[in-house]
Amino acid sequence: MSKLQDVQAFIDLSRGVRTPHDLHCLMQDITREMDFDHFALVHHVDLRPMGTMVEHVVTEDFVALSDYPQAWVDQYINDDIVSNDPILLAAQRSAVGFGWDQVGEFITVTAAHRELTERTRQAGIVDGFTVPANVPGELNGSCNFAVGPGHDVPRANFPMAQLVGSFAFQAARTLVTAMRRLPDRMPVKLTQRQLECIALVARGKSDWEIAKILGLSQSTVTTYIQTARERYDVSTRIQVVLRALYDGSLPFSELF
């Protein structure tokens, strides 16, 4: 199966997730498929009140799913490392995924950060790739994929990990919403023109380019995309693409 088919399969399965345990198992499977050893799908919050057995915790406010070594999870939570974790600090300053060797591009790495990085390696988490999940009005979060000793980080799979991490967090948000027992929203319905515009946004096209391709005015294209963002209640173009892909309105094949 190709990587794109794997991602599509993950999206399809993630739509059917109903419990934190289900999402945890799905994340373990795709993590191994991408040739990583571990994952951590978390909001960047103090987890000490939850205790140290954080494998698949979802509350009304945040999510914490991980299969990191339990000894490291114990240290991480008890020492409140989340507040000074260089990976998570970098994630708050990036809109796209990054390899852990790129952290210095986003933050000033201090001696305390280097010491923490060494502690992490000694605990069996050697290298990895992080997908930020920073949505205005929500807690910052990230989806992290890691490898252990003697295992090179699979750089060729970073693009796939970027997509998987984004859709994994969308599935996690759905679980958090369910925990709040909020009434289900009416399904978002987009027009064919809106979907055409969003598909071209996904391919990196500007409003001007989309207008030329579809034979529309630039202002009309901008309005279509803005209306789609409002219907999904998201603030950025990439978020509306992810939401349309996640709910099946936009076929994954339209990206290519």
# chains A, B, ... in the order shown; residues from 1 in each chain; ligands from 1
>>> residues_around(residues="A:Ile198", least_positions_apart="2", cutoff="8 Å", atoms="only C-alpha atoms", output="PyMOL selection string")
chain A and resi 194-196+200-202+225+240-241
>>> residues_around(residues="A:Arg32", least_positions_apart="6", cutoff="12 Å", atoms="only C-alpha atoms", output="list in words")
Asp6, Cys25, Leu26, His38, Phe39, Asp67, Phe145, Ala146, Val147, Pro154, Asn157 and Ala161 of chain A
>>> select_by_dssp(residues="stretch 8-254 of chain A", states="helix (DSSP H, G or I)", output="MDAnalysis selection string")
chainID A and resid 8:15 20:33 48:50 70:78 81:83 86:91 100:105 111:122 155:179 192:202 207:214 218:232 237:246 252:254
>>> select_by_dssp(residues="stretch 134-184 of chain A", states="strand (DSSP E or B)", output="list in words")
Gly141, Ser142, Cys143, Asn144, Phe145, Ala146 and Val147 of chain A
>>> closest_residue(among="A:Val126, A:Val221, A:Ile238, A:Val164", to="A:Trp100", atoms="only C-alpha atoms")
A:Val126
>>> residues_around(residues="A:Gln102", least_positions_apart="3", cutoff="10 Å", atoms="only C-alpha atoms", output="VMD selection string")
chain A and resid 87 90 98 to 99 105 to 107 129
>>> residues_around(residues="A:Ala244", least_positions_apart="6", cutoff="12 Å", atoms="only C-alpha atoms", output="ChimeraX atom specification")
/A:11,167,170,187-191,194-199,201-202,225,228-229,231-234,237-238,250-252,254-255
>>> closest_residue(among="A:Ala71, A:Ala64, A:Leu245, A:Val42", to="A:Gln122", atoms="only C-alpha atoms")
A:Ala71
>>> closest_residue(among="A:Thr130, A:Ser83, A:Thr117, A:Thr177", to="A:Met160", atoms="only C-alpha atoms")
A:Thr130
>>> residues_around(residues="A:Pro86", least_positions_apart="5", cutoff="10 Å", atoms="only C-alpha atoms", output="PDB file with N, CA, C and O atoms, in the first residue's frame")
ATOM      1  N   ILE A  81       7.850  18.558  33.340  1.00  0.00           N
ATOM      2  CA  ILE A  81       8.773  18.887  32.257  1.00  0.00           C
ATOM      3  C   ILE A  81       8.073  19.606  31.115  1.00  0.00           C
ATOM      4  O   ILE A  81       8.701  20.362  30.362  1.00  0.00           O
ATOM      5  N   ALA A  91       7.321  23.754  19.179  1.00  0.00           N
ATOM      6  CA  ALA A  91       6.049  23.496  18.511  1.00  0.00           C
ATOM      7  C   ALA A  91       5.110  24.697  18.606  1.00  0.00           C
ATOM      8  O   ALA A  91       4.290  24.932  17.705  1.00  0.00           O
ATOM      9  N   GLN A  92       5.233  25.459  19.680  1.00  0.00           N
ATOM     10  CA  GLN A  92       4.373  26.632  19.851  1.00  0.00           C
ATOM     11  C   GLN A  92       4.788  27.786  18.944  1.00  0.00           C
ATOM     12  O   GLN A  92       4.053  28.764  18.814  1.00  0.00           O
ATOM     13  N   TRP A 100      13.483  17.018  15.241  1.00  0.00           N
ATOM     14  CA  TRP A 100      13.965  17.532  16.529  1.00  0.00           C
ATOM     15  C   TRP A 100      15.330  18.201  16.433  1.00  0.00           C
ATOM     16  O   TRP A 100      15.691  18.993  17.293  1.00  0.00           O
ATOM     17  N   VAL A 103      15.109  22.206  16.355  1.00  0.00           N
ATOM     18  CA  VAL A 103      14.555  22.979  17.474  1.00  0.00           C
ATOM     19  C   VAL A 103      15.228  24.341  17.615  1.00  0.00           C
ATOM     20  O   VAL A 103      14.580  25.347  17.900  1.00  0.00           O
ATOM     21  N   GLY A 104      16.536  24.385  17.390  1.00  0.00           N
ATOM     22  CA  GLY A 104      17.274  25.636  17.521  1.00  0.00           C
ATOM     23  C   GLY A 104      16.847  26.712  16.545  1.00  0.00           C
ATOM     24  O   GLY A 104      17.190  27.888  16.722  1.00  0.00           O
ATOM     25  N   PHE A 106      13.773  27.559  16.184  1.00  0.00           N
ATOM     26  CA  PHE A 106      12.550  28.148  16.722  1.00  0.00           C
ATOM     27  C   PHE A 106      12.726  28.759  18.103  1.00  0.00           C
ATOM     28  O   PHE A 106      12.012  29.699  18.458  1.00  0.00           O
ATOM     29  N   ILE A 107      13.636  28.219  18.891  1.00  0.00           N
ATOM     30  CA  ILE A 107      13.849  28.742  20.241  1.00  0.00           C
ATOM     31  C   ILE A 107      15.345  28.854  20.516  1.00  0.00           C
ATOM     32  O   ILE A 107      16.166  28.267  19.804  1.00  0.00           O
ATOM     33  N   THR A 108      15.685  29.614  21.540  1.00  0.00           N
ATOM     34  CA  THR A 108      17.058  29.659  22.017  1.00  0.00           C
ATOM     35  C   THR A 108      17.272  28.480  22.952  1.00  0.00           C
ATOM     36  O   THR A 108      16.639  28.393  24.010  1.00  0.00           O
ATOM     37  N   VAL A 109      18.115  27.560  22.563  1.00  0.00           N
ATOM     38  CA  VAL A 109      18.334  26.341  23.344  1.00  0.00           C
ATOM     39  C   VAL A 109      19.275  26.650  24.500  1.00  0.00           C
ATOM     40  O   VAL A 109      20.413  27.082  24.295  1.00  0.00           O
ATOM     41  N   THR A 110      18.796  26.445  25.713  1.00  0.00           N
ATOM     42  CA  THR A 110      19.560  26.745  26.913  1.00  0.00           C
ATOM     43  C   THR A 110      20.259  25.490  27.443  1.00  0.00           C
ATOM     44  O   THR A 110      20.016  24.374  26.973  1.00  0.00           O
ATOM     45  N   ALA A 112      19.654  24.183  30.260  1.00  0.00           N
ATOM     46  CA  ALA A 112      18.589  23.363  30.848  1.00  0.00           C
ATOM     47  C   ALA A 112      17.904  22.525  29.773  1.00  0.00           C
ATOM     48  O   ALA A 112      17.558  21.361  30.012  1.00  0.00           O
ATOM     49  N   HIS A 113      17.739  23.098  28.596  1.00  0.00           N
ATOM     50  CA  HIS A 113      17.137  22.341  27.499  1.00  0.00           C
ATOM     51  C   HIS A 113      18.039  21.197  27.066  1.00  0.00           C
ATOM     52  O   HIS A 113      17.567  20.090  26.797  1.00  0.00           O
ATOM     53  N   ARG A 114      19.345  21.463  26.983  1.00  0.00           N
ATOM     54  CA  ARG A 114      20.280  20.413  26.575  1.00  0.00           C
ATOM     55  C   ARG A 114      20.312  19.290  27.614  1.00  0.00           C
ATOM     56  O   ARG A 114      20.390  18.100  27.259  1.00  0.00           O
ATOM     57  N   LEU A 116      17.839  18.429  29.548  1.00  0.00           N
ATOM     58  CA  LEU A 116      16.577  17.709  29.410  1.00  0.00           C
ATOM     59  C   LEU A 116      16.604  16.795  28.188  1.00  0.00           C
ATOM     60  O   LEU A 116      16.101  15.662  28.231  1.00  0.00           O
ATOM     61  N   THR A 117      17.214  17.270  27.105  1.00  0.00           N
ATOM     62  CA  THR A 117      17.339  16.439  25.904  1.00  0.00           C
ATOM     63  C   THR A 117      18.146  15.187  26.201  1.00  0.00           C
ATOM     64  O   THR A 117      17.811  14.085  25.750  1.00  0.00           O
TER      65      THR A 117
END
>>> atom_distance(atom1="atom CA of A:Glu138", atom2="atom CA of A:Val45")
11.7 Å
>>> residues_around(residues="A:Val82", least_positions_apart="2", cutoff="7 Å", atoms="only C-alpha atoms", output="list in words")
His44, Val45, Asp46, Asp80, Asn84 and Asp85 of chain A
